[in-house]
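Data from input.txt: compact mmCIF, C-alpha atoms
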```txt
# COMPACT_ATOMS: atom_id res chain seq x y z
CA MET M 1 24.08 33.62 -14.31
CA ASN M 2 21.62 36.09 -12.84
CA ILE M 3 19.17 34.37 -10.52
CA HIS M 4 16.28 36.41 -11.92
CA THR M 5 16.96 35.38 -15.51
CA LYS M 6 14.69 32.71 -16.90
CA LYS M 7 16.47 29.45 -17.67
CA LYS M 8 16.66 28.52 -21.32
CA ILE M 9 15.06 25.16 -21.92
CA GLY M 10 15.93 22.84 -24.78
CA VAL M 11 13.36 20.12 -25.47
CA LEU M 12 14.52 16.96 -27.25
CA VAL M 13 11.90 15.02 -29.18
CA SER M 14 11.61 12.17 -31.68
CA GLY M 15 7.93 12.03 -32.57
CA GLY M 16 4.49 13.46 -32.07
CA GLY M 17 5.47 15.70 -29.21
CA THR M 18 2.47 15.50 -26.88
CA ASN M 19 4.73 16.04 -23.87
CA LEU M 20 6.30 18.99 -25.69
CA GLN M 21 2.78 20.35 -26.15
CA ALA M 22 2.15 20.01 -22.40
CA LEU M 23 5.27 22.11 -21.80
CA LEU M 24 4.30 24.73 -24.39
CA ASP M 25 0.79 24.94 -22.88
CA ALA M 26 2.25 25.28 -19.37
CA GLU M 27 4.46 28.17 -20.46
CA LYS M 28 1.53 29.84 -22.23
CA ARG M 29 -0.69 29.70 -19.16
CA GLY M 30 2.10 30.93 -16.90
CA ASP M 31 2.89 27.68 -15.08
CA LEU M 32 6.47 27.75 -16.34
CA LYS M 33 7.68 30.90 -14.62
CA SER M 34 11.37 30.22 -14.14
CA GLY M 35 12.18 28.97 -17.62
CA THR M 36 11.35 29.51 -21.26
CA ILE M 37 11.34 26.95 -24.04
CA SER M 38 14.09 28.23 -26.32
CA VAL M 39 14.54 25.46 -28.80
CA VAL M 40 13.00 22.15 -29.78
CA ILE M 41 15.37 19.63 -31.33
CA SER M 42 14.20 16.50 -33.07
CA SER M 43 16.40 13.49 -33.81
CA LYS M 44 14.15 12.65 -36.77
CA PRO M 45 12.96 14.79 -39.69
CA ASP M 46 9.31 15.62 -40.39
CA VAL M 47 7.97 14.86 -36.93
CA PHE M 48 4.82 16.58 -35.70
CA ALA M 49 6.67 17.94 -32.66
CA LEU M 50 8.43 20.41 -34.97
CA GLU M 51 5.05 21.62 -36.21
CA ARG M 52 3.98 22.17 -32.62
CA ALA M 53 7.12 24.23 -31.95
CA LYS M 54 6.55 26.32 -35.07
CA LYS M 55 2.93 26.97 -34.16
CA ALA M 56 4.02 28.16 -30.70
CA GLY M 57 6.66 30.46 -32.19
CA VAL M 58 9.56 28.40 -30.83
CA GLU M 59 12.60 27.54 -32.93
CA GLY M 60 12.45 23.93 -34.10
CA ILE M 61 15.50 22.16 -35.48
CA CYS M 62 16.13 18.69 -36.79
CA VAL M 63 19.47 17.18 -35.88
CA ASP M 64 18.92 14.01 -37.86
CA ARG M 65 20.60 11.04 -36.22
CA LYS M 66 20.67 9.25 -39.56
CA SER M 67 22.79 11.93 -41.17
CA PHE M 68 25.67 11.21 -38.77
CA LYS M 69 27.96 8.20 -39.06
CA THR M 70 28.48 7.82 -35.31
CA LYS M 71 26.58 8.62 -32.15
CA GLU M 72 29.58 10.70 -31.08
CA ASN M 73 29.28 12.90 -34.15
CA PHE M 74 25.54 13.26 -33.66
CA GLU M 75 25.99 14.27 -30.03
CA GLU M 76 28.71 16.74 -30.97
CA ALA M 77 26.29 18.43 -33.34
CA LEU M 78 23.56 18.34 -30.71
CA HIS M 79 25.84 19.89 -28.10
CA HIS M 80 26.99 22.54 -30.56
CA THR M 81 23.40 23.46 -31.37
CA LEU M 82 22.49 23.72 -27.69
CA THR M 83 25.61 25.71 -26.76
CA GLU M 84 25.04 28.21 -29.57
CA ARG M 85 21.63 28.95 -28.03
CA ASN M 86 22.90 29.05 -24.43
CA VAL M 87 20.52 26.30 -23.35
CA ASP M 88 20.61 25.76 -19.58
CA VAL M 89 18.44 22.69 -19.08
CA LEU M 90 17.40 19.80 -21.27
CA VAL M 91 14.02 18.09 -21.19
CA LEU M 92 13.66 14.75 -22.95
CA ALA M 93 10.05 14.56 -24.11
CA GLY M 94 9.62 11.33 -26.01
CA PHE M 95 13.24 11.40 -27.17
CA MET M 96 13.93 7.88 -28.39
CA LEU M 97 17.74 7.81 -28.28
CA VAL M 98 19.94 6.90 -25.33
CA LEU M 99 22.46 9.67 -24.71
CA SER M 100 26.08 8.72 -23.96
CA ASP M 101 27.75 9.24 -20.60
CA ASN M 102 30.05 11.81 -22.15
CA PHE M 103 27.12 13.86 -23.40
CA ILE M 104 25.24 13.60 -20.10
CA LYS M 105 28.28 14.74 -18.10
CA GLN M 106 28.15 18.07 -19.91
CA TYR M 107 24.78 18.78 -18.23
CA PRO M 108 25.10 17.54 -14.64
CA ASP M 109 21.66 17.36 -13.00
CA ARG M 110 20.33 19.46 -15.85
CA ILE M 111 18.72 16.78 -18.02
CA ILE M 112 15.34 15.31 -17.09
CA ASN M 113 13.24 12.60 -18.69
CA VAL M 114 9.68 11.38 -18.33
CA HIS M 115 9.00 7.62 -18.18
CA PRO M 116 5.47 6.18 -18.45
CA ALA M 117 5.62 3.91 -15.37
CA LEU M 118 6.27 4.07 -11.65
CA ILE M 119 10.03 3.44 -11.61
CA PRO M 120 11.47 0.94 -10.49
CA SER M 121 8.58 -0.95 -12.12
CA PHE M 122 8.61 -1.48 -15.89
CA CYS M 123 11.73 0.51 -16.72
CA GLY M 124 15.24 0.06 -18.04
CA ASP M 125 16.47 -1.29 -21.37
CA GLY M 126 13.69 -2.49 -23.63
CA PHE M 127 10.95 -0.62 -21.79
CA TYR M 128 9.88 2.24 -24.00
CA GLY M 129 6.71 3.56 -25.57
CA LEU M 130 3.82 1.16 -25.89
CA LYS M 131 5.91 -1.78 -24.60
CA VAL M 132 5.87 -0.34 -21.09
CA HIS M 133 2.08 -0.49 -21.01
CA GLU M 134 1.91 -3.92 -22.67
CA ARG M 135 4.23 -5.33 -20.01
CA ALA M 136 2.30 -3.66 -17.18
CA LEU M 137 -0.98 -5.14 -18.42
CA GLU M 138 0.61 -8.58 -18.96
CA TYR M 139 1.96 -8.45 -15.41
CA GLY M 140 -1.51 -7.63 -14.17
CA VAL M 141 -0.78 -4.51 -12.10
CA LYS M 142 -3.78 -2.46 -11.04
CA VAL M 143 -1.88 0.81 -10.59
CA THR M 144 0.71 2.37 -12.89
CA GLY M 145 1.77 5.97 -13.46
CA ALA M 146 4.63 8.15 -14.64
CA THR M 147 8.00 9.26 -13.34
CA VAL M 148 10.13 12.32 -14.08
CA HIS M 149 13.77 11.67 -13.22
CA PHE M 150 17.23 13.04 -13.74
CA VAL M 151 19.07 11.41 -16.60
CA ASN M 152 22.24 9.59 -15.68
CA GLU M 153 24.29 6.83 -17.32
CA VAL M 154 21.73 4.11 -16.48
CA THR M 155 18.56 3.93 -18.62
CA ASP M 156 15.69 5.18 -16.42
CA GLY M 157 18.13 4.93 -13.50
CA GLY M 158 18.56 8.55 -12.42
CA ALA M 159 17.20 10.05 -9.22
CA ILE M 160 13.42 10.45 -9.16
CA ILE M 161 11.99 13.99 -9.12
CA LEU M 162 8.23 13.41 -9.29
CA GLN M 163 5.87 10.46 -9.62
CA ARG M 164 2.13 10.24 -10.07
CA ALA M 165 -0.04 7.13 -9.88
CA VAL M 166 -2.83 6.17 -12.29
CA ASP M 167 -5.41 3.46 -11.56
CA ILE M 168 -5.74 0.98 -14.44
CA PRO M 169 -9.34 0.59 -15.62
CA GLU M 170 -10.53 -3.01 -16.10
CA GLY M 171 -10.06 -4.25 -19.67
CA ILE M 172 -8.16 -1.23 -21.05
CA SER M 173 -5.88 -1.76 -24.07
CA PRO M 174 -2.16 -0.87 -24.08
CA GLN M 175 -2.98 2.04 -26.37
CA GLY M 176 -5.75 3.23 -24.08
CA LEU M 177 -3.45 2.98 -21.08
CA GLN M 178 -0.69 4.89 -22.88
CA GLN M 179 -3.14 7.72 -23.55
CA LEU M 180 -4.49 7.68 -19.99
CA VAL M 181 -1.02 7.79 -18.40
CA MET M 182 -0.04 10.69 -20.66
CA GLU M 183 -3.14 12.69 -19.78
CA LYS M 184 -3.35 11.88 -16.08
CA ALA M 185 0.34 11.84 -15.22
CA GLU M 186 3.01 12.72 -17.81
CA HIS M 187 1.43 15.96 -19.01
CA ILE M 188 1.03 17.14 -15.44
CA LEU M 189 4.39 16.01 -14.04
CA LEU M 190 6.71 17.13 -16.82
CA PRO M 191 5.87 20.87 -16.68
CA GLN M 192 5.92 20.74 -12.84
CA ALA M 193 9.35 19.10 -12.76
CA THR M 194 10.68 21.46 -15.43
CA GLU M 195 9.57 24.47 -13.40
CA LEU M 196 11.14 23.03 -10.21
CA LEU M 197 14.43 22.44 -12.08
CA CYS M 198 14.45 25.93 -13.63
CA ALA M 199 13.64 27.49 -10.25
CA ASP M 200 16.65 25.69 -8.69
CA ARG M 201 14.28 23.99 -6.25
CA LEU M 202 15.65 20.47 -6.72
CA GLN M 203 18.39 19.36 -4.36
CA ARG M 204 19.79 15.90 -5.08
CA ASP M 205 21.24 13.81 -2.27
CA GLY M 206 22.41 10.56 -3.86
CA ARG M 207 19.30 8.90 -5.19
CA ARG M 208 16.95 11.15 -3.25
CA VAL M 209 15.66 14.42 -4.62
CA ILE M 210 14.51 16.97 -2.06
CA ILE M 211 12.09 19.60 -3.31
CA GLN M 212 12.71 22.94 -1.66
CA MET Z 1 -21.09 -25.57 -1.13
CA ASN Z 2 -24.24 -23.45 -1.13
CA ILE Z 3 -23.71 -20.17 -2.92
CA HIS Z 4 -25.62 -18.33 -0.24
CA THR Z 5 -23.48 -19.61 2.62
CA LYS Z 6 -20.87 -17.22 3.92
CA LYS Z 7 -17.30 -18.35 3.31
CA LYS Z 8 -15.31 -19.24 6.40
CA ILE Z 9 -12.20 -17.10 6.59
CA GLY Z 10 -9.02 -18.10 8.41
CA VAL Z 11 -6.65 -15.24 9.16
CA LEU Z 12 -2.95 -16.06 9.67
CA VAL Z 13 -0.93 -13.60 11.76
CA SER Z 14 2.45 -13.30 13.45
CA GLY Z 15 2.30 -10.02 15.35
CA GLY Z 16 0.31 -6.96 16.25
CA GLY Z 17 -2.53 -7.70 13.87
CA THR Z 18 -3.49 -4.25 12.58
CA ASN Z 19 -4.56 -5.78 9.27
CA LEU Z 20 -6.57 -8.37 11.19
CA GLN Z 21 -8.24 -5.47 13.00
CA ALA Z 22 -9.12 -3.88 9.65
CA LEU Z 23 -10.82 -7.16 8.67
CA LEU Z 24 -12.66 -7.46 12.00
CA ASP Z 25 -13.82 -3.84 11.70
CA ALA Z 26 -14.98 -4.43 8.11
CA GLU Z 27 -17.06 -7.43 9.17
CA LYS Z 28 -18.53 -5.48 12.08
CA ARG Z 29 -19.63 -2.58 9.87
CA GLY Z 30 -21.04 -4.96 7.26
CA ASP Z 31 -18.41 -4.50 4.56
CA LEU Z 32 -17.57 -8.21 4.65
CA LYS Z 33 -20.89 -9.64 3.48
CA SER Z 34 -19.84 -12.85 1.78
CA GLY Z 35 -17.51 -14.20 4.43
CA THR Z 36 -17.05 -14.43 8.16
CA ILE Z 37 -13.81 -14.53 10.12
CA SER Z 38 -13.93 -17.96 11.70
CA VAL Z 39 -10.50 -18.37 13.17
CA VAL Z 40 -7.31 -16.40 13.73
CA ILE Z 41 -4.11 -18.47 13.83
CA SER Z 42 -0.82 -17.06 15.03
CA SER Z 43 2.57 -18.63 14.30
CA LYS Z 44 3.92 -17.04 17.50
CA PRO Z 45 2.59 -17.13 21.06
CA ASP Z 46 1.49 -14.04 23.01
CA VAL Z 47 0.94 -11.76 20.04
CA PHE Z 48 -1.52 -8.89 20.27
CA ALA Z 49 -3.42 -10.20 17.25
CA LEU Z 50 -4.80 -12.98 19.46
CA GLU Z 51 -6.08 -10.37 21.92
CA ARG Z 52 -7.84 -8.61 19.04
CA ALA Z 53 -9.50 -11.88 18.00
CA LYS Z 54 -10.63 -12.57 21.56
CA LYS Z 55 -12.05 -9.07 21.95
CA ALA Z 56 -14.03 -9.52 18.73
CA GLY Z 57 -15.37 -12.91 19.88
CA VAL Z 58 -13.40 -14.83 17.26
CA GLU Z 59 -11.51 -18.02 18.08
CA GLY Z 60 -7.77 -17.35 18.32
CA ILE Z 61 -5.25 -20.17 18.25
CA CYS Z 62 -1.49 -20.29 18.42
CA VAL Z 63 0.17 -22.87 16.21
CA ASP Z 64 3.67 -22.12 17.40
CA ARG Z 65 6.24 -22.62 14.65
CA LYS Z 66 8.94 -23.09 17.27
CA SER Z 67 7.21 -26.11 18.79
CA PHE Z 68 7.60 -28.08 15.54
CA LYS Z 69 10.87 -29.59 14.37
CA THR Z 70 10.17 -29.10 10.67
CA LYS Z 71 8.20 -26.72 8.53
CA GLU Z 72 6.35 -29.75 7.15
CA ASN Z 73 5.16 -30.73 10.62
CA PHE Z 74 4.11 -27.15 11.37
CA GLU Z 75 2.14 -26.93 8.14
CA GLU Z 76 0.50 -30.29 8.79
CA ALA Z 77 -0.76 -28.97 12.14
CA LEU Z 78 -1.85 -25.73 10.49
CA HIS Z 79 -3.76 -27.59 7.79
CA HIS Z 80 -5.35 -29.87 10.35
CA THR Z 81 -6.53 -26.90 12.42
CA LEU Z 82 -7.99 -25.21 9.35
CA THR Z 83 -9.68 -28.36 8.04
CA GLU Z 84 -11.27 -29.07 11.41
CA ARG Z 85 -12.94 -25.67 11.19
CA ASN Z 86 -13.93 -26.00 7.52
CA VAL Z 87 -12.02 -22.87 6.57
CA ASP Z 88 -12.64 -21.90 2.91
CA VAL Z 89 -10.22 -19.04 2.34
CA LEU Z 90 -7.00 -17.94 4.00
CA VAL Z 91 -5.92 -14.35 4.52
CA LEU Z 92 -2.29 -13.68 5.42
CA ALA Z 93 -2.31 -10.52 7.53
CA GLY Z 94 1.24 -9.85 8.62
CA PHE Z 95 2.06 -13.57 8.61
CA MET Z 96 5.86 -13.70 8.66
CA LEU Z 97 6.46 -17.24 7.41
CA VAL Z 98 6.77 -18.39 3.81
CA LEU Z 99 4.35 -21.25 3.16
CA SER Z 100 5.55 -24.25 1.17
CA ASP Z 101 4.31 -25.13 -2.31
CA ASN Z 102 2.70 -28.26 -0.94
CA PHE Z 103 0.70 -26.28 1.59
CA ILE Z 104 -0.31 -23.63 -0.95
CA LYS Z 105 -1.53 -26.25 -3.44
CA GLN Z 106 -4.15 -27.33 -0.92
CA TYR Z 107 -5.83 -23.91 -1.28
CA PRO Z 108 -5.67 -23.07 -5.00
CA ASP Z 109 -6.52 -19.36 -5.52
CA ARG Z 110 -7.86 -19.30 -1.98
CA ILE Z 111 -4.92 -17.71 -0.14
CA ILE Z 112 -4.32 -13.95 -0.34
CA ASN Z 113 -1.60 -11.76 1.10
CA VAL Z 114 -1.08 -8.03 1.53
CA HIS Z 115 2.32 -6.52 0.67
CA PRO Z 116 3.23 -2.93 1.63
CA ALA Z 117 4.47 -1.79 -1.81
CA LEU Z 118 3.30 -1.53 -5.40
CA ILE Z 119 4.45 -4.91 -6.72
CA PRO Z 120 6.66 -5.46 -8.79
CA SER Z 121 8.50 -2.68 -6.88
CA PHE Z 122 10.17 -3.52 -3.55
CA CYS Z 123 8.99 -7.11 -3.24
CA GLY Z 124 10.33 -10.65 -3.17
CA ASP Z 125 12.77 -12.33 -0.81
CA GLY Z 126 14.18 -9.98 1.82
CA PHE Z 127 11.46 -7.37 1.39
CA TYR Z 128 9.27 -7.57 4.45
CA GLY Z 129 8.05 -5.26 7.19
CA LEU Z 130 9.95 -2.07 7.75
CA LYS Z 131 12.64 -3.04 5.21
CA VAL Z 132 10.23 -2.48 2.35
CA HIS Z 133 9.79 1.15 3.37
CA GLU Z 134 13.49 1.68 4.10
CA ARG Z 135 14.36 0.47 0.60
CA ALA Z 136 11.67 2.59 -1.02
CA LEU Z 137 12.94 5.73 0.75
CA GLU Z 138 16.58 4.88 -0.09
CA TYR Z 139 15.60 4.44 -3.73
CA GLY Z 140 13.93 7.84 -3.63
CA VAL Z 141 10.50 6.95 -4.98
CA LYS Z 142 7.78 9.57 -4.56
CA VAL Z 143 4.85 7.15 -4.73
CA THR Z 144 4.46 3.79 -3.02
CA GLY Z 145 1.39 1.84 -1.91
CA ALA Z 146 0.12 -1.64 -1.16
CA THR Z 147 -0.84 -4.75 -3.09
CA VAL Z 148 -3.17 -7.63 -2.30
CA HIS Z 149 -2.28 -10.70 -4.33
CA PHE Z 150 -2.91 -14.41 -4.56
CA VAL Z 151 -0.24 -16.46 -2.86
CA ASN Z 152 1.68 -18.82 -5.13
CA GLU Z 153 5.06 -20.52 -4.90
CA VAL Z 154 7.00 -17.30 -5.57
CA THR Z 155 7.33 -14.80 -2.69
CA ASP Z 156 5.08 -11.82 -3.55
CA GLY Z 157 4.81 -13.34 -7.03
CA GLY Z 158 1.15 -14.30 -7.28
CA ALA Z 159 -1.44 -12.58 -9.45
CA ILE Z 160 -2.39 -9.09 -8.27
CA ILE Z 161 -5.95 -8.55 -7.02
CA LEU Z 162 -5.93 -4.91 -5.88
CA GLN Z 163 -3.39 -2.10 -5.59
CA ARG Z 164 -3.60 1.36 -4.11
CA ALA Z 165 -1.04 4.16 -4.38
CA VAL Z 166 0.17 6.41 -1.57
CA ASP Z 167 2.12 9.64 -2.13
CA ILE Z 168 5.27 9.80 0.01
CA PRO Z 169 5.47 12.99 2.07
CA GLU Z 170 8.82 14.83 1.99
CA GLY Z 171 11.15 13.78 4.83
CA ILE Z 172 8.99 10.97 6.26
CA SER Z 173 10.72 8.18 8.25
CA PRO Z 174 10.43 4.47 7.36
CA GLN Z 175 8.24 4.01 10.46
CA GLY Z 176 6.04 6.93 9.45
CA LEU Z 177 5.71 5.56 5.93
CA GLN Z 178 4.85 2.09 7.24
CA GLN Z 179 2.04 3.61 9.29
CA LEU Z 180 0.81 5.74 6.39
CA VAL Z 181 0.74 2.84 3.92
CA MET Z 182 -1.17 0.72 6.42
CA GLU Z 183 -3.79 3.41 7.03
CA LYS Z 184 -4.16 4.70 3.49
CA ALA Z 185 -3.84 1.43 1.57
CA GLU Z 186 -3.49 -1.93 3.37
CA HIS Z 187 -6.42 -1.47 5.76
CA ILE Z 188 -8.66 -0.45 2.86
CA LEU Z 189 -7.52 -3.04 0.30
CA LEU Z 190 -7.40 -6.17 2.43
CA PRO Z 191 -11.09 -6.17 3.46
CA GLN Z 192 -12.10 -5.26 -0.12
CA ALA Z 193 -10.07 -8.10 -1.62
CA THR Z 194 -11.30 -10.56 1.03
CA GLU Z 195 -14.92 -9.68 0.21
CA LEU Z 196 -14.27 -10.05 -3.54
CA LEU Z 197 -12.68 -13.48 -2.95
CA CYS Z 198 -15.49 -14.67 -0.68
CA ALA Z 199 -18.10 -13.43 -3.16
CA ASP Z 200 -16.43 -15.48 -5.96
CA ARG Z 201 -15.91 -12.25 -7.89
CA LEU Z 202 -12.24 -12.86 -8.74
CA GLN Z 203 -11.48 -14.61 -11.99
CA ARG Z 204 -7.81 -15.33 -12.60
CA ASP Z 205 -6.46 -15.52 -16.16
CA GLY Z 206 -2.76 -16.28 -15.84
CA ARG Z 207 -1.25 -13.29 -14.07
CA ARG Z 208 -4.31 -11.11 -14.61
CA VAL Z 209 -7.17 -10.99 -12.16
CA ILE Z 210 -10.49 -9.85 -13.55
CA ILE Z 211 -12.95 -8.47 -11.03
CA GLN Z 212 -16.50 -9.39 -11.92
```
Please render this file's structure as structure tokens.
Amino acid sequence: MNIHTKKKIGVLVSGGGTNLQALLDAEKRGDLKSGTISVVISSKPDVFALERAKKAGVEGICVDRKSFKTKENFEEALHHTLTERNVDVLVLAGFMLVLSDNFIKQYPDRIINVHPALIPSFCGDGFYGLKVHERALEYGVKVTGATVHFVNEVTDGGAIILQRAVDIPEGISPQGLQQLVMEKAEHILLPQATELLCADRLQRDGRRVIIQ
Amino acid sequence: MNIHTKKKIGVLVSGGGTNLQALLDAEKRGDLKSGTISVVISSKPDVFALERAKKAGVEGICVDRKSFKTKENFEEALHHTLTERNVDVLVLAGFMLVLSDNFIKQYPDRIINVHPALIPSFCGDGFYGLKVHERALEYGVKVTGATVHFVNEVTDGGAIILQRAVDIPEGISPQGLQQLVMEKAEHILLPQATELLCADRLQRDGRRVIIQ
């Protein structure tokens, strides 16, 4: 692949797509120089993320998990869809399914995910969406944040690319904190990490990611 | 106790005492209004922390752990020394011993500790001193920080009072990170938390600490 060609980015979503919007906005303002969002794929029908894609003039497709008997069949269809469009890198932006090892191996160090906490805090199985923020508030932490990491076979266990801290205001609700972490951390980190990945600026050494 | 009386603070140390120095400096510049550092107690002889106390005109005492056969006997002597001086609150500033439940119960919500990480990351048994930073760098986190928390029967497990994040510079050593976290977080948080405690501004609700 020519080094001067923009990487083709596939964004996987399952819902409202606010992180997708952050990526679309970043590309529009020129902060995503080394890649272009080629396709948005949703695992659920009728999600607002597909509307966002359409509005931005990006192809949006539903590969409905429920229409496949097995995860294997679903992932086969997903892979087929991505391969047809020559997608280079995958960004999970609020994608609510856990991908299998076999699927992940087809995109070595080319799948990234955003998690709404400072990994290794409040991550792993059972920590998704609003629950992450509920647990953080129950635990009584005063600082949280977001993490963009490579996706490997362990949930939220891949090497960390970027993290950003967010101070927790006194008395905030889980919903309020979810919103704050999105605005102050996720929406900033995800486009940055995507650009670094597309620009081949991420060098992984075991668990450590060196930014070049 | 009269609400207008300054709380008497006992600081427990085991080494160089840079966090003690941060407390002494805070009192000197008037940032510790509701308390006064009355005594510094070291669990080891000939530590530099005792020099710092002396220089600041604060009584420094060594209650040498090694001169007692059992932890119980050591803690009895420690408690006696503190009681004699009417100490109200205890600040652990690089104190390298784990206090027993029985000792801790004598100072309910009146002992605080500083830990050089964002709890619940990189804390608990085995995570102390330089090791905390070595583990954080091995794990590949991009953000770390410090936590001041109440001391309870679980190592680093008490309710969190204050936290402050520190971005990890690319390629920093564990020693460099230790220094950075001290300067950018521990030395700021510990005097702040001590003042809040002495001013009776900390209200604990289970694991959550509300600052009033």
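Among the candidates Z:Gly17, Z:Glu84, Z:Arg207, Z:Asn73, the residue lying nearest to M:Ala136 is Z:Arg207 (atoms considered: all atoms listed in the file).
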### Task
With a distance cut-off of 12 Å and only C-alpha atoms, select the neighbouring residues of Z:Arg135, excluding the residue or stretch itself and same-chain residues fewer than 3 positions from it, and output the selection as an NGL selection string.
(:M and (120 or 207-208)) or (:Z and (116-117 or 121-123 or 126-132 or 138-141 or 144 or 173-174 or 177-178))
### Interface residues on chain Z facing chain M, 10 Å, all atoms listed in the file, written as a count of residues only
38
#### Entry: Straight-line distance linking atom CA of M:Asp88 with atom CA of M:Tyr107, stated in Å to one decimal
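The value is 8.2 Å.
Comparing the minimum interatomic distances between M:Arg29 and each of M:Gln203, M:Pro191, M:Thr155, M:Val148, counting only C-alpha atoms, we find that M:Pro191 sits nearest.
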### Query
Rounded to one decimal in Å, what is the spacing between atom CA of Z:Phe68 and atom CA of Z:Ile37?
25.9 Å
Give me, as a Markdown table, each residue of stretch 28-133 of chain M that comes within 6 Å of stretch 9-13 of chain M, together with its shortest interatomic pair and the distance in Å at one decimal, counting only C-alpha atoms, with rows ordered by chain and rising residue number.
```
| residue | atom | partner | partner_atom | distance |
| --- | --- | --- | --- | --- |
| M:Thr36 | CA | M:Ile9 | CA | 5.8 |
| M:Ile37 | CA | M:Ile9 | CA | 4.6 |
| M:Ser38 | CA | M:Ile9 | CA | 5.5 |
| M:Val39 | CA | M:Gly10 | CA | 5.0 |
| M:Val40 | CA | M:Val11 | CA | 4.8 |
| M:Ile41 | CA | M:Leu12 | CA | 4.9 |
| M:Ser42 | CA | M:Val13 | CA | 4.8 |
| M:Val87 | CA | M:Ile9 | CA | 5.8 |
| M:Val89 | CA | M:Ile9 | CA | 5.1 |
| M:Leu90 | CA | M:Gly10 | CA | 4.9 |
| M:Val91 | CA | M:Val11 | CA | 4.8 |
| M:Leu92 | CA | M:Leu12 | CA | 4.9 |
| M:Ala93 | CA | M:Val13 | CA | 5.4 |
| M:Gly94 | CA | M:Val13 | CA | 5.4 |
| M:Phe95 | CA | M:Val13 | CA | 4.4 |
```
